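See below for the structure under consideration.
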Amino acid sequence: MNNKIKALAEQAGLATQHDGIVLTRPVNAAEALDVFANLIIQQAILAVEMKTNTHHIYTSFDEGMVLHTIHNSVKAIKEHFGIN
């Protein structure tokens, strides 16, 4: 399991042990997993928003198309996972 996933698990009240996930404090497991899933989804959205390659933007039309694509990608992720 990579370090980013481990950090998100810990942030959700989970921990990794032998590449598995365990509860680290007395919390509702379903709630902790929901928080964990939402943190992963938010990281995916941030990756789309912040790490989309924009080196090919030469005109304002190009910029508009890229921004529109980023917006639609984020919207698709949110709709897929039922996030408003």
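Each chain in the structure tokens gets a letter, A, B and so on, in the order shown; residues start at 1 in every chain, and ligands are counted from 1 in the order they appear.
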
Helix (DSSP H, G or I) residues, from DSSP on the backbone, in chain A, as a VMD selection string: chain A and resid 3 to 11 29 to 51 60 to 81

Just N, CA and C atoms for this one: save the residues we selected as a short mmCIF file (atom, residue, chain, number, x, y, z; two decimals), in the first residue's frame.
data_model
loop_
_atom_site.label_atom_id
_atom_site.label_comp_id
_atom_site.auth_asym_id
_atom_site.auth_seq_id
_atom_site.Cartn_x
_atom_site.Cartn_y
_atom_site.Cartn_z
N ASN A 3 2.21 5.25 0.42
CA ASN A 3 2.19 6.17 1.57
C ASN A 3 1.02 7.13 1.55
N LYS A 4 0.58 7.55 0.36
CA LYS A 4 -0.57 8.47 0.30
C LYS A 4 -1.83 7.79 0.83
N ILE A 5 -2.04 6.54 0.42
CA ILE A 5 -3.21 5.80 0.89
C ILE A 5 -3.12 5.55 2.39
N LYS A 6 -1.93 5.23 2.88
CA LYS A 6 -1.74 5.03 4.31
C LYS A 6 -2.06 6.30 5.09
N ALA A 7 -1.62 7.45 4.58
CA ALA A 7 -1.88 8.73 5.26
C ALA A 7 -3.38 9.04 5.28
N LEU A 8 -4.06 8.77 4.18
CA LEU A 8 -5.51 8.99 4.14
C LEU A 8 -6.23 8.05 5.09
N ALA A 9 -5.78 6.81 5.17
CA ALA A 9 -6.38 5.85 6.11
C ALA A 9 -6.25 6.36 7.54
N GLU A 10 -5.07 6.82 7.89
CA GLU A 10 -4.85 7.35 9.24
C GLU A 10 -5.71 8.57 9.51
N GLN A 11 -5.87 9.42 8.51
CA GLN A 11 -6.70 10.61 8.65
C GLN A 11 -8.16 10.23 8.90
N ALA A 29 -16.94 1.58 12.11
CA ALA A 29 -16.15 1.15 10.95
C ALA A 29 -16.76 1.67 9.65
N ALA A 30 -18.07 1.63 9.52
CA ALA A 30 -18.72 2.10 8.30
C ALA A 30 -18.46 3.59 8.09
N GLU A 31 -18.53 4.37 9.17
CA GLU A 31 -18.27 5.81 9.07
C GLU A 31 -16.80 6.06 8.71
N ALA A 32 -15.90 5.31 9.32
CA ALA A 32 -14.47 5.49 9.02
C ALA A 32 -14.18 5.15 7.56
N LEU A 33 -14.78 4.08 7.06
CA LEU A 33 -14.58 3.72 5.65
C LEU A 33 -15.19 4.75 4.72
N ASP A 34 -16.32 5.33 5.12
CA ASP A 34 -16.94 6.39 4.32
C ASP A 34 -16.04 7.62 4.26
N VAL A 35 -15.47 7.99 5.39
CA VAL A 35 -14.53 9.12 5.43
C VAL A 35 -13.32 8.80 4.55
N PHE A 36 -12.80 7.59 4.66
CA PHE A 36 -11.64 7.15 3.88
C PHE A 36 -11.96 7.24 2.38
N ALA A 37 -13.10 6.73 1.98
CA ALA A 37 -13.50 6.79 0.57
C ALA A 37 -13.62 8.22 0.09
N ASN A 38 -14.24 9.08 0.90
CA ASN A 38 -14.39 10.48 0.51
C ASN A 38 -13.04 11.19 0.40
N LEU A 39 -12.11 10.85 1.27
CA LEU A 39 -10.77 11.44 1.18
C LEU A 39 -10.08 11.02 -0.12
N ILE A 40 -10.23 9.76 -0.50
CA ILE A 40 -9.63 9.29 -1.75
C ILE A 40 -10.26 10.00 -2.94
N ILE A 41 -11.58 10.14 -2.92
CA ILE A 41 -12.28 10.83 -4.01
C ILE A 41 -11.82 12.28 -4.11
N GLN A 42 -11.69 12.95 -2.97
CA GLN A 42 -11.23 14.34 -2.98
C GLN A 42 -9.81 14.45 -3.54
N GLN A 43 -8.97 13.48 -3.22
CA GLN A 43 -7.62 13.49 -3.77
C GLN A 43 -7.64 13.28 -5.29
N ALA A 44 -8.55 12.44 -5.76
CA ALA A 44 -8.69 12.23 -7.21
C ALA A 44 -9.12 13.52 -7.89
N ILE A 45 -10.06 14.22 -7.28
CA ILE A 45 -10.53 15.49 -7.84
C ILE A 45 -9.39 16.51 -7.86
N LEU A 46 -8.64 16.59 -6.77
CA LEU A 46 -7.49 17.51 -6.73
C LEU A 46 -6.47 17.17 -7.81
N ALA A 47 -6.25 15.89 -8.03
CA ALA A 47 -5.30 15.49 -9.07
C ALA A 47 -5.75 15.97 -10.43
N VAL A 48 -7.05 15.85 -10.71
CA VAL A 48 -7.57 16.32 -12.00
C VAL A 48 -7.45 17.83 -12.10
N GLU A 49 -7.81 18.53 -11.02
CA GLU A 49 -7.79 20.00 -11.04
C GLU A 49 -6.37 20.58 -11.08
N MET A 50 -5.46 19.98 -10.33
CA MET A 50 -4.15 20.59 -10.15
C MET A 50 -3.06 20.01 -11.04
N LYS A 51 -3.23 18.79 -11.52
CA LYS A 51 -2.14 18.14 -12.24
C LYS A 51 -2.44 17.88 -13.70
N SER A 60 -6.67 31.42 -26.01
CA SER A 60 -7.74 31.45 -25.02
C SER A 60 -8.77 30.36 -25.30
N PHE A 61 -8.93 29.97 -26.58
CA PHE A 61 -9.83 28.87 -26.92
C PHE A 61 -9.30 27.57 -26.31
N ASP A 62 -7.98 27.33 -26.47
CA ASP A 62 -7.37 26.14 -25.87
C ASP A 62 -7.61 26.12 -24.36
N GLU A 63 -7.39 27.26 -23.74
CA GLU A 63 -7.56 27.36 -22.29
C GLU A 63 -9.00 27.03 -21.91
N GLY A 64 -9.95 27.59 -22.65
CA GLY A 64 -11.35 27.32 -22.37
C GLY A 64 -11.69 25.85 -22.50
N MET A 65 -11.14 25.21 -23.53
CA MET A 65 -11.40 23.79 -23.73
C MET A 65 -10.81 22.95 -22.60
N VAL A 66 -9.61 23.28 -22.18
CA VAL A 66 -8.98 22.53 -21.09
C VAL A 66 -9.76 22.73 -19.79
N LEU A 67 -10.10 23.97 -19.48
CA LEU A 67 -10.85 24.24 -18.25
C LEU A 67 -12.21 23.56 -18.28
N HIS A 68 -12.85 23.55 -19.44
CA HIS A 68 -14.14 22.87 -19.59
C HIS A 68 -13.98 21.36 -19.37
N THR A 69 -12.93 20.79 -19.90
CA THR A 69 -12.66 19.37 -19.72
C THR A 69 -12.39 19.03 -18.26
N ILE A 70 -11.60 19.87 -17.59
CA ILE A 70 -11.33 19.66 -16.17
C ILE A 70 -12.63 19.72 -15.38
N HIS A 71 -13.44 20.75 -15.65
CA HIS A 71 -14.73 20.91 -14.97
C HIS A 71 -15.61 19.68 -15.18
N ASN A 72 -15.70 19.20 -16.42
CA ASN A 72 -16.53 18.04 -16.72
C ASN A 72 -15.98 16.77 -16.07
N SER A 73 -14.67 16.66 -15.99
CA SER A 73 -14.06 15.49 -15.34
C SER A 73 -14.38 15.46 -13.86
N VAL A 74 -14.25 16.60 -13.20
CA VAL A 74 -14.58 16.69 -11.77
C VAL A 74 -16.06 16.40 -11.56
N LYS A 75 -16.90 16.95 -12.41
CA LYS A 75 -18.34 16.72 -12.32
C LYS A 75 -18.65 15.23 -12.48
N ALA A 76 -18.00 14.56 -13.42
CA ALA A 76 -18.22 13.14 -13.65
C ALA A 76 -17.80 12.30 -12.45
N ILE A 77 -16.68 12.65 -11.84
CA ILE A 77 -16.22 11.93 -10.64
C ILE A 77 -17.25 12.09 -9.53
N LYS A 78 -17.68 13.31 -9.30
CA LYS A 78 -18.66 13.56 -8.23
C LYS A 78 -19.98 12.84 -8.50
N GLU A 79 -20.45 12.88 -9.73
CA GLU A 79 -21.71 12.20 -10.06
C GLU A 79 -21.56 10.69 -9.91
N HIS A 80 -20.43 10.16 -10.33
CA HIS A 80 -20.20 8.72 -10.24
C HIS A 80 -20.27 8.22 -8.79
N PHE A 81 -19.73 9.02 -7.87
CA PHE A 81 -19.69 8.63 -6.46
C PHE A 81 -20.82 9.26 -5.64
#

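For the pair atom CA of Ile83 of chain A and atom CA of Asn28 of chain A, the separation is 20.9 Å.
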
Every residue of chain A that DSSP places in strand (DSSP E), as a ChimeraX atom specification: /A:14-17,20-23
